[in-house]
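Below: my_file-v1.cif (mmCIF, C-alpha atoms)
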data_upload
loop_
_atom_site.label_atom_id
_atom_site.label_comp_id
_atom_site.auth_asym_id
_atom_site.auth_seq_id
_atom_site.Cartn_x
_atom_site.Cartn_y
_atom_site.Cartn_z
CA MET A 20 -11.53 -15.46 19.06
CA LEU A 21 -12.13 -15.87 15.32
CA ASN A 22 -13.61 -19.22 16.23
CA GLN A 23 -16.41 -17.79 18.30
CA THR A 24 -17.44 -14.63 16.47
CA ASN A 25 -18.09 -13.50 12.95
CA ALA A 26 -15.59 -10.73 13.45
CA GLN A 27 -13.08 -9.91 10.75
CA PRO A 28 -9.38 -9.51 11.50
CA ILE A 29 -8.17 -5.97 10.88
CA ALA A 30 -4.57 -4.81 10.54
CA GLY A 31 -3.91 -1.53 8.70
CA GLY A 32 -7.57 -1.08 7.85
CA THR A 33 -6.83 1.02 4.76
CA ASP A 34 -9.18 -1.11 2.65
CA LEU A 35 -11.53 -2.47 5.34
CA LEU A 36 -12.48 0.86 6.89
CA VAL A 37 -13.19 2.43 3.51
CA GLN A 38 -15.40 -0.57 2.67
CA ALA A 39 -17.10 -0.40 6.08
CA ARG A 40 -17.94 3.24 5.53
CA THR A 41 -19.41 2.73 2.07
CA ASN A 42 -21.47 -0.24 3.30
CA ARG A 43 -23.06 1.08 6.48
CA ASN A 44 -25.89 -1.44 6.58
CA ARG A 45 -23.55 -4.30 7.28
CA LEU A 46 -22.97 -4.83 10.97
CA GLN A 47 -19.26 -5.08 11.31
CA ALA A 48 -17.05 -6.35 14.08
CA PHE A 49 -13.29 -6.33 13.87
CA VAL A 50 -10.56 -8.12 15.77
CA ARG A 51 -7.40 -6.11 15.86
CA ILE A 52 -4.27 -8.03 14.76
CA ASP A 53 -1.81 -5.24 13.90
CA HIS A 54 -0.11 -5.44 17.31
CA LEU A 55 0.71 -9.18 17.07
CA THR A 56 4.49 -9.46 16.90
CA GLU A 57 4.15 -13.05 15.58
CA LEU A 58 2.88 -11.57 12.32
CA LYS A 59 5.86 -9.23 11.94
CA THR A 60 8.42 -11.79 10.75
CA LEU A 61 10.79 -10.73 8.00
CA GLU A 62 13.27 -13.47 7.20
CA PHE A 63 15.70 -13.98 4.40
CA SER A 64 17.56 -17.25 4.30
CA LYS A 65 18.96 -19.44 1.50
CA ASN A 66 17.17 -17.50 -1.18
CA GLU A 67 13.89 -17.81 0.63
CA LEU A 68 11.92 -14.79 1.75
CA THR A 69 9.33 -15.06 4.52
CA ILE A 70 7.12 -12.07 5.17
CA GLY A 71 4.73 -11.98 8.13
CA ALA A 72 1.18 -11.05 7.17
CA GLY A 73 1.26 -8.11 9.59
CA VAL A 74 4.35 -6.48 8.09
CA THR A 75 3.50 -3.02 6.77
CA PHE A 76 4.82 -1.86 3.41
CA THR A 77 6.89 0.81 5.16
CA GLU A 78 8.45 -1.81 7.46
CA TYR A 79 9.35 -3.88 4.39
CA LEU A 80 10.94 -0.84 2.69
CA GLU A 81 12.92 0.00 5.84
CA LYS A 82 14.15 -3.51 6.63
CA ALA A 83 14.07 -5.72 3.56
CA SER A 84 14.08 -3.58 0.44
CA GLN A 85 17.31 -5.10 -0.91
CA PHE A 86 16.20 -8.75 -1.04
CA LEU A 87 13.79 -8.78 -3.94
CA LEU A 88 14.02 -5.69 -6.12
CA PRO A 89 10.86 -6.22 -8.22
CA LEU A 90 8.81 -6.47 -5.03
CA THR A 91 10.42 -3.29 -3.73
CA GLU A 92 9.68 -1.53 -7.02
CA ALA A 93 6.03 -2.57 -6.74
CA ILE A 94 5.73 -1.47 -3.12
CA VAL A 95 7.22 1.96 -3.73
CA LEU A 96 4.35 2.56 -6.15
CA ILE A 97 1.61 1.49 -3.74
CA ALA A 98 -0.73 4.31 -2.73
CA SER A 99 1.05 6.94 -0.61
CA PRO A 100 3.42 7.00 2.40
CA SER A 101 0.54 7.52 4.85
CA ILE A 102 -1.14 4.37 3.53
CA ARG A 103 2.09 2.35 3.31
CA ASN A 104 2.70 3.18 6.98
CA THR A 105 -0.26 1.05 8.05
CA ALA A 106 -1.24 -1.18 5.10
CA THR A 107 0.04 -4.76 5.38
CA PHE A 108 1.03 -7.63 3.08
CA GLY A 109 -1.67 -9.82 4.60
CA GLY A 110 -4.36 -7.22 4.01
CA ASN A 111 -3.37 -6.72 0.38
CA ILE A 112 -3.62 -10.48 -0.24
CA VAL A 113 -6.81 -11.25 1.70
CA ASN A 114 -8.54 -8.22 0.16
CA ALA A 115 -7.84 -10.03 -3.14
CA SER A 116 -8.39 -7.06 -5.41
CA PRO A 117 -7.73 -7.84 -9.10
CA ALA A 118 -5.52 -4.73 -8.94
CA ALA A 119 -3.62 -5.76 -5.77
CA ASP A 120 -0.15 -4.38 -6.40
CA ILE A 121 1.92 -7.13 -4.82
CA LEU A 122 0.03 -10.14 -6.18
CA PRO A 123 1.59 -10.38 -9.68
CA ILE A 124 5.03 -10.84 -8.14
CA PHE A 125 3.74 -13.44 -5.70
CA TYR A 126 2.03 -15.28 -8.55
CA ALA A 127 5.16 -15.20 -10.71
CA LEU A 128 7.32 -16.61 -7.91
CA ASP A 129 4.74 -19.19 -6.77
CA ALA A 130 4.46 -17.75 -3.25
CA ILE A 131 3.06 -20.06 -0.57
CA LEU A 132 0.68 -18.70 2.06
CA THR A 133 0.45 -19.99 5.61
CA LEU A 134 -3.04 -20.03 7.11
CA GLU A 135 -3.56 -20.85 10.76
CA SER A 136 -6.59 -21.68 12.87
CA MET A 137 -7.31 -23.56 16.07
CA ARG A 138 -7.63 -26.66 13.90
CA GLY A 139 -4.13 -26.41 12.54
CA VAL A 140 -1.90 -24.93 9.89
CA ARG A 141 -2.24 -25.23 6.14
CA GLN A 142 -0.08 -24.00 3.30
CA ILE A 143 -1.52 -23.05 -0.04
CA PRO A 144 -0.13 -21.45 -3.23
CA VAL A 145 -1.31 -17.87 -3.65
CA SER A 146 -2.88 -18.71 -7.02
CA GLU A 147 -5.15 -21.28 -5.33
CA PHE A 148 -5.92 -18.99 -2.41
CA VAL A 149 -7.39 -16.22 -4.54
CA THR A 150 -10.53 -17.61 -6.18
CA GLY A 151 -12.01 -14.51 -7.80
CA ALA A 152 -12.33 -10.75 -7.58
CA LYS A 153 -12.24 -10.01 -3.85
CA LYS A 154 -12.77 -13.70 -3.14
CA THR A 155 -10.45 -16.13 -1.38
CA SER A 156 -10.64 -19.62 0.03
CA ILE A 157 -9.94 -18.41 3.57
CA ARG A 158 -12.16 -20.09 6.16
CA PRO A 159 -13.93 -17.93 8.75
CA ASP A 160 -11.75 -19.18 11.61
CA GLU A 161 -8.48 -18.81 9.72
CA LEU A 162 -5.83 -16.13 9.82
CA LEU A 163 -3.26 -15.56 7.08
CA THR A 164 0.00 -15.48 9.00
CA ALA A 165 2.87 -15.50 6.51
CA ILE A 166 3.91 -15.43 2.87
CA ARG A 167 6.91 -17.47 1.76
CA LEU A 168 8.63 -17.48 -1.61
CA ASN A 169 11.81 -18.68 -3.23
CA ILE A 170 13.97 -16.04 -4.82
CA PRO A 171 15.65 -17.44 -7.96
CA GLN A 172 19.43 -17.42 -7.85
CA ASN A 173 19.76 -15.47 -11.08
CA TYR A 174 17.00 -13.49 -12.60
CA LYS A 175 16.24 -10.50 -14.77
CA TYR A 176 12.92 -8.76 -14.59
CA VAL A 177 10.65 -6.01 -15.79
CA TYR A 178 7.99 -4.64 -13.45
CA ARG A 179 5.53 -2.03 -14.67
CA LYS A 180 2.43 -0.49 -13.16
CA ILE A 181 0.42 1.52 -15.64
CA GLY A 182 -1.90 4.01 -13.97
CA PRO A 183 -3.18 7.55 -14.41
CA ARG A 184 -0.51 9.00 -12.13
CA LYS A 185 2.43 7.88 -10.04
CA ALA A 186 0.99 8.05 -6.53
CA LEU A 187 -2.31 6.72 -5.21
CA SER A 188 -3.39 5.15 -8.47
CA LEU A 189 -5.15 1.89 -9.03
CA SER A 190 -3.51 0.21 -11.96
CA LYS A 191 -4.94 -0.07 -15.45
CA VAL A 192 -2.51 -2.95 -15.88
CA SER A 193 0.36 -4.21 -13.78
CA PHE A 194 2.93 -6.56 -15.19
CA VAL A 195 5.91 -8.53 -14.05
CA GLY A 196 8.15 -10.65 -16.24
CA PHE A 197 10.99 -12.75 -14.89
CA TYR A 198 13.73 -14.28 -17.03
CA LEU A 199 15.59 -17.11 -15.32
CA PRO A 200 18.77 -17.71 -17.37
CA ASP A 201 19.87 -20.82 -15.40
CA THR A 202 16.80 -22.82 -16.35
CA ARG A 203 16.01 -20.85 -19.55
CA GLU A 204 12.53 -20.08 -18.27
CA ILE A 205 10.29 -17.04 -18.16
CA ARG A 206 7.48 -16.20 -15.76
CA LEU A 207 4.76 -13.75 -16.73
CA ALA A 208 2.00 -12.34 -14.50
CA TYR A 209 -0.60 -9.65 -15.20
CA GLY A 210 -2.75 -7.66 -12.75
CA SER A 211 -6.05 -5.77 -13.33
CA VAL A 212 -6.87 -7.77 -16.47
CA GLY A 213 -9.15 -10.44 -15.02
CA PRO A 214 -10.96 -11.38 -11.80
CA THR A 215 -7.63 -12.56 -10.41
CA VAL A 216 -4.03 -12.01 -11.39
CA ILE A 217 -3.32 -13.97 -14.57
CA ARG A 218 -0.18 -16.07 -14.79
CA ALA A 219 0.55 -16.83 -18.46
CA TYR A 220 1.50 -20.51 -18.16
CA GLU A 221 0.82 -21.20 -21.83
CA ALA A 222 3.16 -18.42 -22.96
CA GLU A 223 5.80 -19.66 -20.52
CA GLN A 224 5.51 -23.09 -22.16
CA LEU A 225 5.89 -21.53 -25.63
CA PHE A 226 9.15 -20.02 -24.41
CA ARG A 227 10.41 -23.42 -23.28
CA GLU A 228 9.57 -24.79 -26.70
CA GLY A 229 11.43 -21.94 -28.37
CA ARG A 230 8.27 -20.56 -30.01
CA ILE A 231 8.99 -17.05 -28.80
CA PRO A 232 7.34 -15.07 -31.68
CA ALA A 233 4.01 -16.69 -30.76
CA ILE A 234 4.07 -15.29 -27.23
CA PRO A 235 2.49 -11.82 -27.75
CA ASP A 236 -0.58 -13.30 -29.48
CA CYS A 237 -0.84 -15.93 -26.78
CA ILE A 238 -0.86 -13.21 -24.12
CA GLU A 239 -3.68 -11.36 -25.86
CA ARG A 240 -5.74 -14.54 -25.64
CA ALA A 241 -4.77 -15.28 -22.03
CA VAL A 242 -5.80 -11.98 -20.46
CA LYS A 243 -9.47 -11.23 -19.75
CA PRO A 244 -9.68 -7.46 -19.30
CA ILE A 245 -12.92 -5.55 -18.83
CA THR A 246 -13.85 -1.93 -19.48
CA ASP A 247 -14.43 0.04 -16.28
CA GLN A 248 -13.85 3.55 -14.96
CA ARG A 249 -10.07 3.08 -15.02
CA SER A 250 -9.53 1.89 -18.57
CA THR A 251 -10.95 0.00 -21.53
CA ALA A 252 -10.62 -3.68 -22.29
CA GLU A 253 -8.96 -2.89 -25.64
CA TYR A 254 -6.32 -0.61 -24.16
CA ARG A 255 -5.57 -3.07 -21.37
CA ARG A 256 -5.13 -5.92 -23.85
CA TYR A 257 -2.84 -3.73 -25.95
CA LEU A 258 -0.80 -2.86 -22.83
CA CYS A 259 -0.37 -6.53 -21.92
CA ARG A 260 0.99 -7.24 -25.36
CA ALA A 261 3.24 -4.17 -25.36
CA LEU A 262 4.64 -4.82 -21.88
CA THR A 263 5.37 -8.43 -22.81
CA GLN A 264 7.24 -7.22 -25.89
CA VAL A 265 9.21 -4.72 -23.80
CA PHE A 266 10.23 -7.56 -21.49
CA LEU A 267 11.13 -10.02 -24.27
CA SER A 268 13.07 -7.49 -26.32
CA ARG A 269 15.09 -6.47 -23.29
CA TYR A 270 16.34 -9.91 -22.32
CA ILE A 271 15.80 -12.34 -25.16
CA LYS A 272 18.16 -12.23 -28.12
CA ASN A 273 16.65 -12.20 -31.61
CA PHE A 274 13.18 -11.32 -30.42
CA MET B 12 -15.53 2.91 25.72
CA GLN B 13 -12.71 4.69 27.48
CA ILE B 14 -9.23 4.99 25.95
CA GLU B 15 -6.04 6.89 26.53
CA LEU B 16 -4.14 8.75 23.86
CA THR B 17 -1.09 10.94 24.04
CA ILE B 18 -2.03 13.87 21.86
CA ASN B 19 0.69 16.42 21.13
CA GLY B 20 2.65 15.20 24.13
CA LYS B 21 -0.23 15.34 26.61
CA LEU B 22 -1.91 12.21 27.97
CA LYS B 23 -5.67 12.38 27.41
CA SER B 24 -8.42 10.09 28.61
CA LEU B 25 -11.23 10.00 26.05
CA GLU B 26 -14.71 8.49 25.80
CA ILE B 27 -15.21 7.09 22.30
CA HIS B 28 -17.59 4.99 20.23
CA PRO B 29 -15.95 1.65 19.27
CA GLY B 30 -16.48 2.29 15.55
CA GLU B 31 -15.16 5.82 15.55
CA SER B 32 -12.25 6.86 13.33
CA LEU B 33 -9.28 8.73 14.74
CA LEU B 34 -10.30 11.64 12.52
CA GLU B 35 -13.73 11.84 14.23
CA THR B 36 -12.23 11.52 17.71
CA LEU B 37 -9.69 14.28 17.14
CA ARG B 38 -12.15 16.75 15.63
CA LYS B 39 -14.73 16.09 18.36
CA ASN B 40 -12.12 16.88 20.96
CA GLY B 41 -11.14 20.22 19.47
CA TYR B 42 -8.25 19.26 17.21
CA THR B 43 -9.89 20.85 14.19
CA GLY B 44 -6.58 21.27 12.39
CA VAL B 45 -7.27 17.71 11.28
CA LYS B 46 -9.44 18.04 8.16
CA TYR B 47 -12.04 15.69 6.75
CA GLY B 48 -11.45 15.49 3.01
CA CYS B 49 -12.43 12.31 1.21
CA GLY B 50 -12.77 9.71 3.95
CA THR B 51 -11.15 7.12 1.71
CA GLY B 52 -7.44 7.76 2.15
CA ASP B 53 -7.03 9.50 -1.20
CA CYS B 54 -6.50 13.15 -0.28
CA GLY B 55 -4.24 13.41 2.77
CA ALA B 56 -6.21 16.24 4.45
CA CYS B 57 -6.65 14.15 7.61
CA VAL B 58 -3.01 13.10 7.94
CA VAL B 59 -1.71 13.05 11.51
CA LEU B 60 1.42 11.46 12.94
CA LEU B 61 0.79 8.17 14.72
CA ASN B 62 3.91 7.25 16.69
CA GLU B 63 5.79 9.76 14.53
CA LYS B 64 4.65 8.37 11.18
CA PRO B 65 2.09 9.98 8.88
CA VAL B 66 -1.20 8.08 8.63
CA ASN B 67 -4.61 8.98 7.23
CA SER B 68 -6.67 9.42 10.41
CA CYS B 69 -9.86 8.56 8.49
CA GLN B 70 -8.42 5.06 8.02
CA VAL B 71 -7.55 4.45 11.65
CA LEU B 72 -9.97 3.12 14.26
CA THR B 73 -9.44 5.06 17.47
CA ALA B 74 -10.11 1.93 19.52
CA ALA B 75 -7.13 0.29 17.80
CA VAL B 76 -4.63 2.97 18.86
CA ASP B 77 -5.40 2.97 22.59
CA GLY B 78 -2.27 4.01 24.48
CA GLU B 79 -0.43 5.32 21.41
CA SER B 80 0.89 8.73 20.53
CA VAL B 81 -0.66 11.16 18.06
CA THR B 82 0.65 14.48 16.75
CA THR B 83 -1.67 16.95 15.03
CA VAL B 84 -0.76 20.27 13.43
CA GLU B 85 -1.66 21.94 16.75
CA GLY B 86 1.36 20.17 18.23
CA ILE B 87 3.77 21.45 15.55
CA GLY B 88 3.35 25.21 15.83
CA THR B 89 0.97 27.92 17.04
CA MET B 90 -0.25 31.22 15.59
CA ASP B 91 2.28 33.08 17.74
CA LYS B 92 5.08 30.61 17.27
CA PRO B 93 4.74 28.86 13.92
CA HIS B 94 7.11 26.07 12.98
CA PRO B 95 9.69 26.94 10.28
CA ILE B 96 7.84 24.60 7.90
CA GLN B 97 4.70 26.68 8.37
CA GLU B 98 6.62 29.96 7.97
CA GLU B 99 8.29 28.81 4.78
CA LEU B 100 5.04 27.52 3.28
CA VAL B 101 3.52 30.96 3.87
CA LYS B 102 6.56 32.75 2.42
CA ALA B 103 6.53 30.54 -0.67
CA GLY B 104 2.85 31.31 -1.26
CA ALA B 105 2.00 27.65 -0.78
CA VAL B 106 -1.16 28.28 1.24
CA GLN B 107 -4.39 29.46 -0.31
CA CYS B 108 -7.53 27.85 1.08
CA GLY B 109 -5.38 25.99 3.60
CA TYR B 110 -7.42 22.81 3.71
CA CYS B 111 -4.54 20.55 2.67
CA THR B 112 -1.94 22.47 4.67
CA PRO B 113 -2.13 20.72 8.09
CA GLY B 114 -1.57 17.34 6.46
CA VAL B 115 1.22 18.68 4.27
CA VAL B 116 2.91 20.27 7.31
CA LEU B 117 2.79 16.95 9.22
CA SER B 118 4.15 14.89 6.33
CA ALA B 119 6.91 17.44 5.78
CA TYR B 120 7.66 17.45 9.52
CA ALA B 121 7.93 13.64 9.59
CA LEU B 122 10.21 13.75 6.54
CA LEU B 123 12.58 16.33 8.05
CA GLN B 124 12.71 14.40 11.33
CA THR B 125 14.13 11.33 9.61
CA ASN B 126 15.82 13.05 6.67
CA PRO B 127 16.91 16.64 7.44
CA HIS B 128 18.34 17.24 3.95
CA PRO B 129 15.91 15.68 1.50
CA THR B 130 16.29 15.88 -2.26
CA GLU B 131 13.45 17.30 -4.33
CA ASP B 132 12.40 13.75 -5.26
CA GLU B 133 12.32 12.71 -1.60
CA ILE B 134 10.12 15.72 -0.81
CA LYS B 135 7.79 14.79 -3.67
CA THR B 136 7.56 11.19 -2.47
CA ALA B 137 6.82 12.28 1.10
CA LEU B 138 3.98 14.49 -0.18
CA ASP B 139 2.63 11.89 -2.64
CA GLY B 140 -0.52 11.34 -0.59
CA HIS B 141 -1.60 14.99 -0.42
CA LEU B 142 -3.94 16.65 -2.86
CA CYS B 143 -3.82 20.44 -3.24
CA ARG B 144 -6.37 22.06 -5.54
CA CYS B 145 -5.27 25.72 -5.08
CA THR B 146 -1.62 26.61 -5.40
CA GLY B 147 -0.44 23.38 -6.93
CA TYR B 148 2.62 21.61 -5.76
CA VAL B 149 5.53 23.72 -7.00
CA LYS B 150 5.23 26.25 -4.19
CA ILE B 151 4.61 23.58 -1.55
CA ILE B 152 7.77 21.76 -2.58
CA GLU B 153 9.68 25.05 -2.61
CA GLY B 154 8.42 25.84 0.91
CA VAL B 155 9.48 22.47 2.28
CA LYS B 156 12.87 22.80 0.58
CA ASN B 157 13.44 26.20 2.20
CA ALA B 158 12.28 24.87 5.56
CA ALA B 159 14.81 22.04 5.34
CA GLU B 160 17.59 24.64 5.20
CA LYS B 161 16.31 26.28 8.39
CA VAL B 162 15.30 23.29 10.55
#
Hey, can you dump this file as structure tokens for me?
Amino acid sequence: MLNQTNAQPIAGGTDLLVQARTNRNRLQAFVRIDHLTELKTLEFSKNELTIGAGVTFTEYLEKASQFLLPLTEAIVLIASPSIRNTATFGGNIVNASPAADILPIFYALDAILTLESMRGVRQIPVSEFVTGAKKTSIRPDELLTAIRLNIPQNYKYVYRKIGPRKALSLSKVSFVGFYLPDTREIRLAYGSVGPTVIRAYEAEQLFREGRIPAIPDCIERAVKPITDQRSTAEYRRYLCRALTQVFLSRYIKNF
Amino acid sequence: MQIELTINGKLKSLEIHPGESLLETLRKNGYTGVKYGCGTGDCGACVVLLNEKPVNSCQVLTAAVDGESVTTVEGIGTMDKPHPIQEELVKAGAVQCGYCTPGVVLSAYALLQTNPHPTEDEIKTALDGHLCRCTGYVKIIEGVKNAAEKV
């Protein structure tokens, strides 16, 4: 069907219908996908988590909340129960908001997305899929069907969402830091401080080289926050630095 | 287009516009307990139960829920026979203008269905999506807590 029309797939609709209402001039056609059981996969095997694009946040919390605690922490803070009951993983990713709550964790764990069309199946890292604020490399005939990621054997983490209040807030900054003791690695990802989520590869490299005191400055250079109605660029940059320090001082000796 | 919905336990056949939200459909058909607040999913005034779970009816396309089951506040209690949640909200002084109340009642109802003895934190989480600009939340939470003891 996606092949023959310019219709957009719709699952929970919690973003799409709000956008449709505020943009009445655009003629909009939707193809409903929320009833497709093929998109409802939730699998956990050999430290790999596969989440169907049509899984709602409530379904995740009911069935899979114990597999990946930082993801669960992030999802509990998404919007409100009435939104979590219909909003899906696929929608949150394809909507590609810089403030998308689940993206920092998917960036930090190098999640792989499965996209399907009549022409075939392709797999693409989430960081390549999202190309800008609200922009992705999805083709018009493609459907995001699943998200797959490896869960590290041992890890410590800090997840923080900084917003004006606990429920229903869009983040000023969201942050996740992973410490992987087996490989002596860290992973750092920041939301709402650039057109896409920012993964701090350079700072992760500094950690590998043992240049830990240089990391906070490196983070300040890596993030690209703007001033908007939710916060200022200065405060967001300060938060990124502070959250990184919280993470490092919790898990790294002599920081 | 023609669709079927089970509303408050009764099967209804309804004529709708394909782009219509569930909020619009319900209000047009006399279920005015469903309130239009923000239209963006931020306030919770339009919350109804869709297959027993709270959803913002402004964010649901009616055409997409053909054949499913909806509960509005009209299906929870009546003026003559209010539900204990409604009674306890009144007793606690948790209702002033009443605009947020139908949504609050439905979210509280859904909570007590799955969790008859919620903690205060669980009540707060269940009501996260509801804005009240009159009484504030202390009395609402108190009302739900008292209702939990009666239900």
Practice task
Return as a PyMOL selection string the set of residues that the PyMOL selection byres ((chain B) within 8 of (chain A)) yields on the displayed structure.
Solution key: chain B and resi 50-53+55+58+64-67+70-71+75+136-140
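Relative to atom CA of Arg167 of chain A, atom CA of Glu67 of chain A is found at 7.1 Å.
Between Thr43 of chain B and the candidates B:Glu26, B:Pro113, B:Val81, B:Leu100, the tightest atom-to-atom separation, counting all atoms listed in the file, involves B:Pro113.
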Exercise for the section: Step by step, work through what the PyMOL selection byres ((chain B and resi 30) around 9) selects in the shown file, and finish by giving those residues as a PyMOL selection string. Expected result: (chain A and resi 47-48) or (chain B and resi 27-29+31-32+72-74)
Exercise for the section: Find the residues around segment 214-216 of chain A up to 7 Å (only C-alpha atoms counted), leave out those fewer than 2 positions away in its own chain, and share them as a PyMOL selection string. Expected result: chain A and resi 117+122-123+149+151-152+208-211+218
Handout entry: Length of the atom CA of Leu68 of chain A to atom CA of Arg203 of chain A vector [Å]
Key = 22.5 Å
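Minimum atom-to-atom distances from A:Ile271, A:Ile131, A:Leu87, A:Leu258 to Lys191 of chain A were compared using only C-alpha atoms, and the lowest value belongs to A:Leu258.
Atom CA of Cys111 of chain B is positioned 23.3 Å from atom CA of Gly20 of chain B.
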Practice task
Quick one: apply the PyMOL selection byres ((chain B and resi 142-144) around 10) to the file and drop the selected residues here as number ranges by chain.
Solution key: B: 48, 53-56, 105-112, 114-115, 138-141, 145-148, 151
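When all atoms listed in the file are used to compute distances to Leu262 of chain A, the closest of the residues A:Pro89, A:Gly196, A:Gly182, A:Gly73 turns out to be A:Gly196.
Minimum distance to Leu207 of chain A across A:Gln224, A:Asn173, A:Thr164, A:Gln27 (counting only C-alpha atoms) occurs at A:Gln224.
Proximity to Gly41 of chain B was assessed for B:Gln13, B:Thr83, B:Ser118, B:Asn62 counting all atoms listed in the file; the smallest distance is recorded for B:Thr83.
Restricting the calculation to all atoms listed in the file, the smallest distance between Ala233 of chain A and any of A:Thr91, A:Thr251, A:Asn169, A:Gln264 is found for A:Gln264.
Here the residues that fall within 9 Å of (10.3, -12.0, 11.2), using only C-alpha atoms, are given as A:Thr56, A:Glu57, A:Leu58, A:Lys59, A:Thr60, A:Leu61, A:Glu62, A:Phe63, A:Thr69, A:Ile70, A:Gly71, A:Val74.
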Exercise for the section: Excluding Ile231 of chain A and residues on its chain fewer than 2 positions from it, collect all residues at most 12 Å away from it, counting only C-alpha atoms, and give them as a list in words. Expected result: Glu204, Ile205, Glu221, Ala222, Glu223, Gln224, Leu225, Phe226, Arg227, Glu228, Gly229, Ala233, Ile234, Pro235, Asp236, Cys237, Ile238, Thr263, Gln264, Leu267, Ser268, Ile271, Lys272, Asn273 and Phe274 of chain A
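Around the coordinate (-5.6, -9.5, 3.8), residues that reach within 9 Å when counting only C-alpha atoms are Pro28, Ile29, Ala30, Ala72, Thr107, Phe108, Gly109, Gly110, Asn111, Ile112, Val113, Asn114, Ala115, Leu162 and Leu163 of chain A.
Within the 9 Å cut-off around Asn40 of chain B, using all atoms listed in the file and omitting residues fewer than 4 positions from it on the same chain, the listed residues are Leu25, Glu35 and Thr36 of chain B.
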Practice task
Find the spatial neighbours of segment 120-133 of chain B, counting only C-alpha atoms, within a cut-off of 10 Å - ignore same-chain residues fewer than 6 positions away - and output them as a list of chain:residue names.
Solution key: B:Val59, B:Leu60, B:Glu63, B:Lys64, B:Pro65, B:Val84, B:Ile87, B:His94, B:Pro95, B:Ile96, B:Gln97, B:Gly114, B:Asp139, B:Ile152, B:Glu153, B:Val155, B:Lys156, B:Ala158, B:Ala159, B:Glu160, B:Lys161, B:Val162
What does the file look like for those residues with C-alpha atoms, as a compact mmCIF listing (two decimals), keeping the file's coordinate frame?
# COMPACT_ATOMS: atom_id res chain seq x y z
CA VAL B 59 -1.71 13.05 11.51
CA LEU B 60 1.42 11.46 12.94
CA GLU B 63 5.79 9.76 14.53
CA LYS B 64 4.65 8.37 11.18
CA PRO B 65 2.09 9.98 8.88
CA VAL B 84 -0.76 20.27 13.43
CA ILE B 87 3.77 21.45 15.55
CA HIS B 94 7.11 26.07 12.98
CA PRO B 95 9.69 26.94 10.28
CA ILE B 96 7.84 24.60 7.90
CA GLN B 97 4.70 26.68 8.37
CA GLY B 114 -1.57 17.34 6.46
CA ASP B 139 2.63 11.89 -2.64
CA ILE B 152 7.77 21.76 -2.58
CA GLU B 153 9.68 25.05 -2.61
CA VAL B 155 9.48 22.47 2.28
CA LYS B 156 12.87 22.80 0.58
CA ALA B 158 12.28 24.87 5.56
CA ALA B 159 14.81 22.04 5.34
CA GLU B 160 17.59 24.64 5.20
CA LYS B 161 16.31 26.28 8.39
CA VAL B 162 15.30 23.29 10.55
